[in-house]
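Enquirer: The structure under discussion is supplied below as structure tokens; questions concerning it will follow.
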Amino acid sequence: MIITQNLCKRYGKVNAVNNLNLNIRSGTIFGIVGENGAGKTTTLSMLATLVTPSSGKALVNGFELRREAKKVRRSIGYMPDAFGVYDELTAYEYLQFYAECYGVQKRVWRTRADELLESVDLVDKRRFYVNSLSRGMQQRLEIARCLMHDPAVLILDEPSSGLDPRSRIEMRSVLSRLRASGKTVVISSHILQELAEVADEIGIIRGGEVAAVAAINVMMSHTSAHRTLWLAGQAEWSKWTAVLQSDPHILEFSPRADGVEVVYAGTLHQQAELMERIIAQGITLYQFAERPTDIEALFLRLTERTVRS
């Protein structure tokens, strides 16, 4: 659905986006994660035809970004990271306004507006003024607005920014329904864990470049298989190395001031056997615990051999 080839955006001597290469499959949610200033918004703005690339090429729904900009715009629904609302419009009138901007026929937008309000759980707010809605409701209304002309692609720039926990859950539910309906969604965030809960594939952008890309199912399988164990006990380091180096399921281990951190790929049964061997080695074990997996560190470990374009 979206292909970029060496896409670049330069501002003077600064490369905001540098040789970006992505291939986003139809009907999936693709997450772009990166720190503030990494190039996420610039990337999405180029895909939305709001910013002209300095060089490179991109196709959205089969249309070339620069030569067929109008067709690209018809193919996308774009939600910026900051948006304005119209104080004197109700939620229903807000959708009507944008439907008419896109030339959607009246008989179509009337039905579609009701359907979309239902899909984002705002049916009971259809007669409420937009500025009276909570931020979470406004965010969901914006997604409905993006869908009024039935685009193939949604481009959402940090849609969960500033939302409370309940609103984030509601937003994830909306995104899941969009994927089920066959829409392609490109979504950005600076929080990897947040994207991992909804995306099919994730790309990390650093300094305007793609640092890594990986499928979520690959990440999750490694998250469950590769556990981080925390071992604390009283013993000479030679005793620790003797037992840890002999276990083929230990991928790596590191000494810490008050214990040892172990990356472990064995089963729970094998993990219990490891604990028995440590005790048999004469190590007085104070703590043997599993730590939450650092998903970003895992992501970069899994994709450290990704070729940068």
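For the structure tokens, the naming scheme is as follows: chains receive sequential letters (A, B, ...) according to their order of presentation, residues are indexed from 1 within each chain, and ligands are indexed from 1 in presentation order.
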Taking the backbone alone, and naming residues the way the document does, which bits of range 66-204 of chain A are helix (DSSP H, G or I) by DSSP, as a PyMOL selection string?
Expert: chain A and resi 69-75+91-101+106-119+123-125+130-132+135-146+165-180+192-196
Enquirer: Save the residues we just selected, C-alpha atoms, as a PDB file, in the first residue's frame?
Expert:
```
ATOM      1  CA  ALA A  69      -0.686  14.347  -5.257  1.00  0.00           C
ATOM      2  CA  LYS A  70      -4.454  14.814  -5.681  1.00  0.00           C
ATOM      3  CA  LYS A  71      -5.001  11.077  -6.069  1.00  0.00           C
ATOM      4  CA  VAL A  72      -2.834  10.445  -3.016  1.00  0.00           C
ATOM      5  CA  ARG A  73      -4.979  12.873  -0.995  1.00  0.00           C
ATOM      6  CA  ARG A  74      -8.125  11.046  -2.078  1.00  0.00           C
ATOM      7  CA  SER A  75      -6.530   7.811  -0.884  1.00  0.00           C
ATOM      8  CA  ALA A  91     -19.914  16.319  16.142  1.00  0.00           C
ATOM      9  CA  TYR A  92     -22.391  15.410  13.398  1.00  0.00           C
ATOM     10  CA  GLU A  93     -22.006  18.798  11.643  1.00  0.00           C
ATOM     11  CA  TYR A  94     -18.237  18.471  11.886  1.00  0.00           C
ATOM     12  CA  LEU A  95     -18.337  15.232   9.896  1.00  0.00           C
ATOM     13  CA  GLN A  96     -20.791  16.749   7.433  1.00  0.00           C
ATOM     14  CA  PHE A  97     -18.490  19.714   6.817  1.00  0.00           C
ATOM     15  CA  TYR A  98     -15.525  17.501   5.895  1.00  0.00           C
ATOM     16  CA  ALA A  99     -17.665  15.155   3.811  1.00  0.00           C
ATOM     17  CA  GLU A 100     -18.774  18.103   1.707  1.00  0.00           C
ATOM     18  CA  CYS A 101     -15.155  19.292   1.402  1.00  0.00           C
ATOM     19  CA  LYS A 106     -25.446  13.923   0.733  1.00  0.00           C
ATOM     20  CA  ARG A 107     -27.233  10.571   0.689  1.00  0.00           C
ATOM     21  CA  VAL A 108     -23.871   8.893   1.306  1.00  0.00           C
ATOM     22  CA  TRP A 109     -22.467  11.100   4.051  1.00  0.00           C
ATOM     23  CA  ARG A 110     -25.678  11.008   6.074  1.00  0.00           C
ATOM     24  CA  THR A 111     -25.484   7.250   6.426  1.00  0.00           C
ATOM     25  CA  ARG A 112     -21.714   7.209   6.748  1.00  0.00           C
ATOM     26  CA  ALA A 113     -21.651   9.840   9.499  1.00  0.00           C
ATOM     27  CA  ASP A 114     -23.981   7.771  11.674  1.00  0.00           C
ATOM     28  CA  GLU A 115     -22.012   4.592  10.981  1.00  0.00           C
ATOM     29  CA  LEU A 116     -18.695   6.246  11.823  1.00  0.00           C
ATOM     30  CA  LEU A 117     -19.976   7.835  15.012  1.00  0.00           C
ATOM     31  CA  GLU A 118     -21.094   4.384  16.073  1.00  0.00           C
ATOM     32  CA  SER A 119     -17.746   2.838  15.151  1.00  0.00           C
ATOM     33  CA  VAL A 123     -23.355   8.079  18.761  1.00  0.00           C
ATOM     34  CA  ASP A 124     -24.684   9.603  21.967  1.00  0.00           C
ATOM     35  CA  LYS A 125     -22.464  12.676  21.379  1.00  0.00           C
ATOM     36  CA  VAL A 130     -17.019  19.545  19.377  1.00  0.00           C
ATOM     37  CA  ASN A 131     -15.257  21.794  21.882  1.00  0.00           C
ATOM     38  CA  SER A 132     -17.367  20.322  24.706  1.00  0.00           C
ATOM     39  CA  ARG A 135      -9.717  15.087  24.373  1.00  0.00           C
ATOM     40  CA  GLY A 136     -10.182  11.351  23.944  1.00  0.00           C
ATOM     41  CA  MET A 137     -13.577  11.888  22.304  1.00  0.00           C
ATOM     42  CA  GLN A 138     -12.126  14.576  20.030  1.00  0.00           C
ATOM     43  CA  GLN A 139      -9.343  12.188  18.982  1.00  0.00           C
ATOM     44  CA  ARG A 140     -11.873   9.511  18.081  1.00  0.00           C
ATOM     45  CA  LEU A 141     -14.002  12.072  16.248  1.00  0.00           C
ATOM     46  CA  GLU A 142     -10.913  13.020  14.238  1.00  0.00           C
ATOM     47  CA  ILE A 143     -10.522   9.397  13.154  1.00  0.00           C
ATOM     48  CA  ALA A 144     -14.165   9.382  12.052  1.00  0.00           C
ATOM     49  CA  ARG A 145     -13.496  12.612  10.138  1.00  0.00           C
ATOM     50  CA  CYS A 146     -10.523  10.950   8.388  1.00  0.00           C
ATOM     51  CA  PRO A 165      -5.530   5.351  30.326  1.00  0.00           C
ATOM     52  CA  ARG A 166      -9.213   4.689  29.575  1.00  0.00           C
ATOM     53  CA  SER A 167      -9.089   6.806  26.402  1.00  0.00           C
ATOM     54  CA  ARG A 168      -5.964   4.930  25.275  1.00  0.00           C
ATOM     55  CA  ILE A 169      -7.810   1.636  25.625  1.00  0.00           C
ATOM     56  CA  GLU A 170     -10.744   3.025  23.617  1.00  0.00           C
ATOM     57  CA  MET A 171      -8.313   4.271  20.950  1.00  0.00           C
ATOM     58  CA  ARG A 172      -6.722   0.805  20.645  1.00  0.00           C
ATOM     59  CA  SER A 173     -10.173  -0.684  20.203  1.00  0.00           C
ATOM     60  CA  VAL A 174     -10.947   1.754  17.367  1.00  0.00           C
ATOM     61  CA  LEU A 175      -7.635   0.965  15.645  1.00  0.00           C
ATOM     62  CA  SER A 176      -8.284  -2.775  15.865  1.00  0.00           C
ATOM     63  CA  ARG A 177     -11.681  -2.322  14.209  1.00  0.00           C
ATOM     64  CA  LEU A 178     -10.082  -0.284  11.418  1.00  0.00           C
ATOM     65  CA  ARG A 179      -7.635  -3.095  10.674  1.00  0.00           C
ATOM     66  CA  ALA A 180     -10.493  -5.624  10.701  1.00  0.00           C
ATOM     67  CA  LEU A 192       7.320   1.600  21.589  1.00  0.00           C
ATOM     68  CA  GLN A 193       5.270  -0.386  24.109  1.00  0.00           C
ATOM     69  CA  GLU A 194       2.148   1.543  23.097  1.00  0.00           C
ATOM     70  CA  LEU A 195       2.572   0.708  19.402  1.00  0.00           C
ATOM     71  CA  ALA A 196       3.411  -2.913  20.161  1.00  0.00           C
TER      72      ALA A 196
END
```
Enquirer: Please provide as a PDB file with C-alpha atoms, in the first residue's frame all residues within 10 Å of Leu44 in chain A, with the sequence filter that same-chain residues fewer than 6 positions apart are discarded (counting only C-alpha atoms).
Expert:
```
ATOM      1  CA  ILE A  32       6.624   4.416  13.475  1.00  0.00           C
ATOM      2  CA  LEU A  50       1.814  18.408   3.028  1.00  0.00           C
ATOM      3  CA  VAL A  51       5.607  18.515   2.783  1.00  0.00           C
ATOM      4  CA  TYR A  78      -4.650  12.345   7.733  1.00  0.00           C
ATOM      5  CA  MET A  79      -4.783  13.161  11.430  1.00  0.00           C
ATOM      6  CA  PRO A  80      -2.019  15.568  12.536  1.00  0.00           C
ATOM      7  CA  ILE A 155      -2.075   8.374   8.605  1.00  0.00           C
ATOM      8  CA  LEU A 156      -2.249   9.149  12.328  1.00  0.00           C
ATOM      9  CA  ASP A 157       0.401  11.280  14.011  1.00  0.00           C
ATOM     10  CA  VAL A 186       0.269   4.245   9.645  1.00  0.00           C
ATOM     11  CA  ILE A 187       0.603   5.474  13.206  1.00  0.00           C
ATOM     12  CA  SER A 188       3.431   7.259  15.005  1.00  0.00           C
TER      13      SER A 188
END
```
Enquirer: What's the separation between CA of Asn19 in chain A and CA of Leu7 in chain A, in Å to one decimal place?
Expert: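 Between these atoms lies a distance of 4.9 Å.
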Enquirer: Considering only C-alpha atoms, can you say which of A:Ile205, A:Leu229, A:Pro53, A:Leu268 comes closest to Tyr11 in chain A?
Expert: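 Checking each of A:Ile205, A:Leu229, A:Pro53, A:Leu268 against Tyr11 in chain A, counting only C-alpha atoms, the winner is A:Pro53.
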Enquirer: Restricting the calculation to only C-alpha atoms: of A:Thr284, A:Asp81, A:Gly62, A:Arg126, which residue gets closest to Glu236 in chain A?
Expert: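 Selected residue with least distance to Glu236 in chain A: A:Thr284.
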Enquirer: Just how far from CA of Ile216 in chain A is CA of Met1 in chain A, in Å to one decimal?
Expert: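 Between these atoms lies a distance of 18.6 Å.
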Enquirer: So, counting only C-alpha atoms, which residue among A:Asp200, A:Ser54, A:Gly207, A:Val60 is closest to Asn36 in chain A?
Expert: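 For Asn36 in chain A, the nearest of the given residues is A:Gly207.
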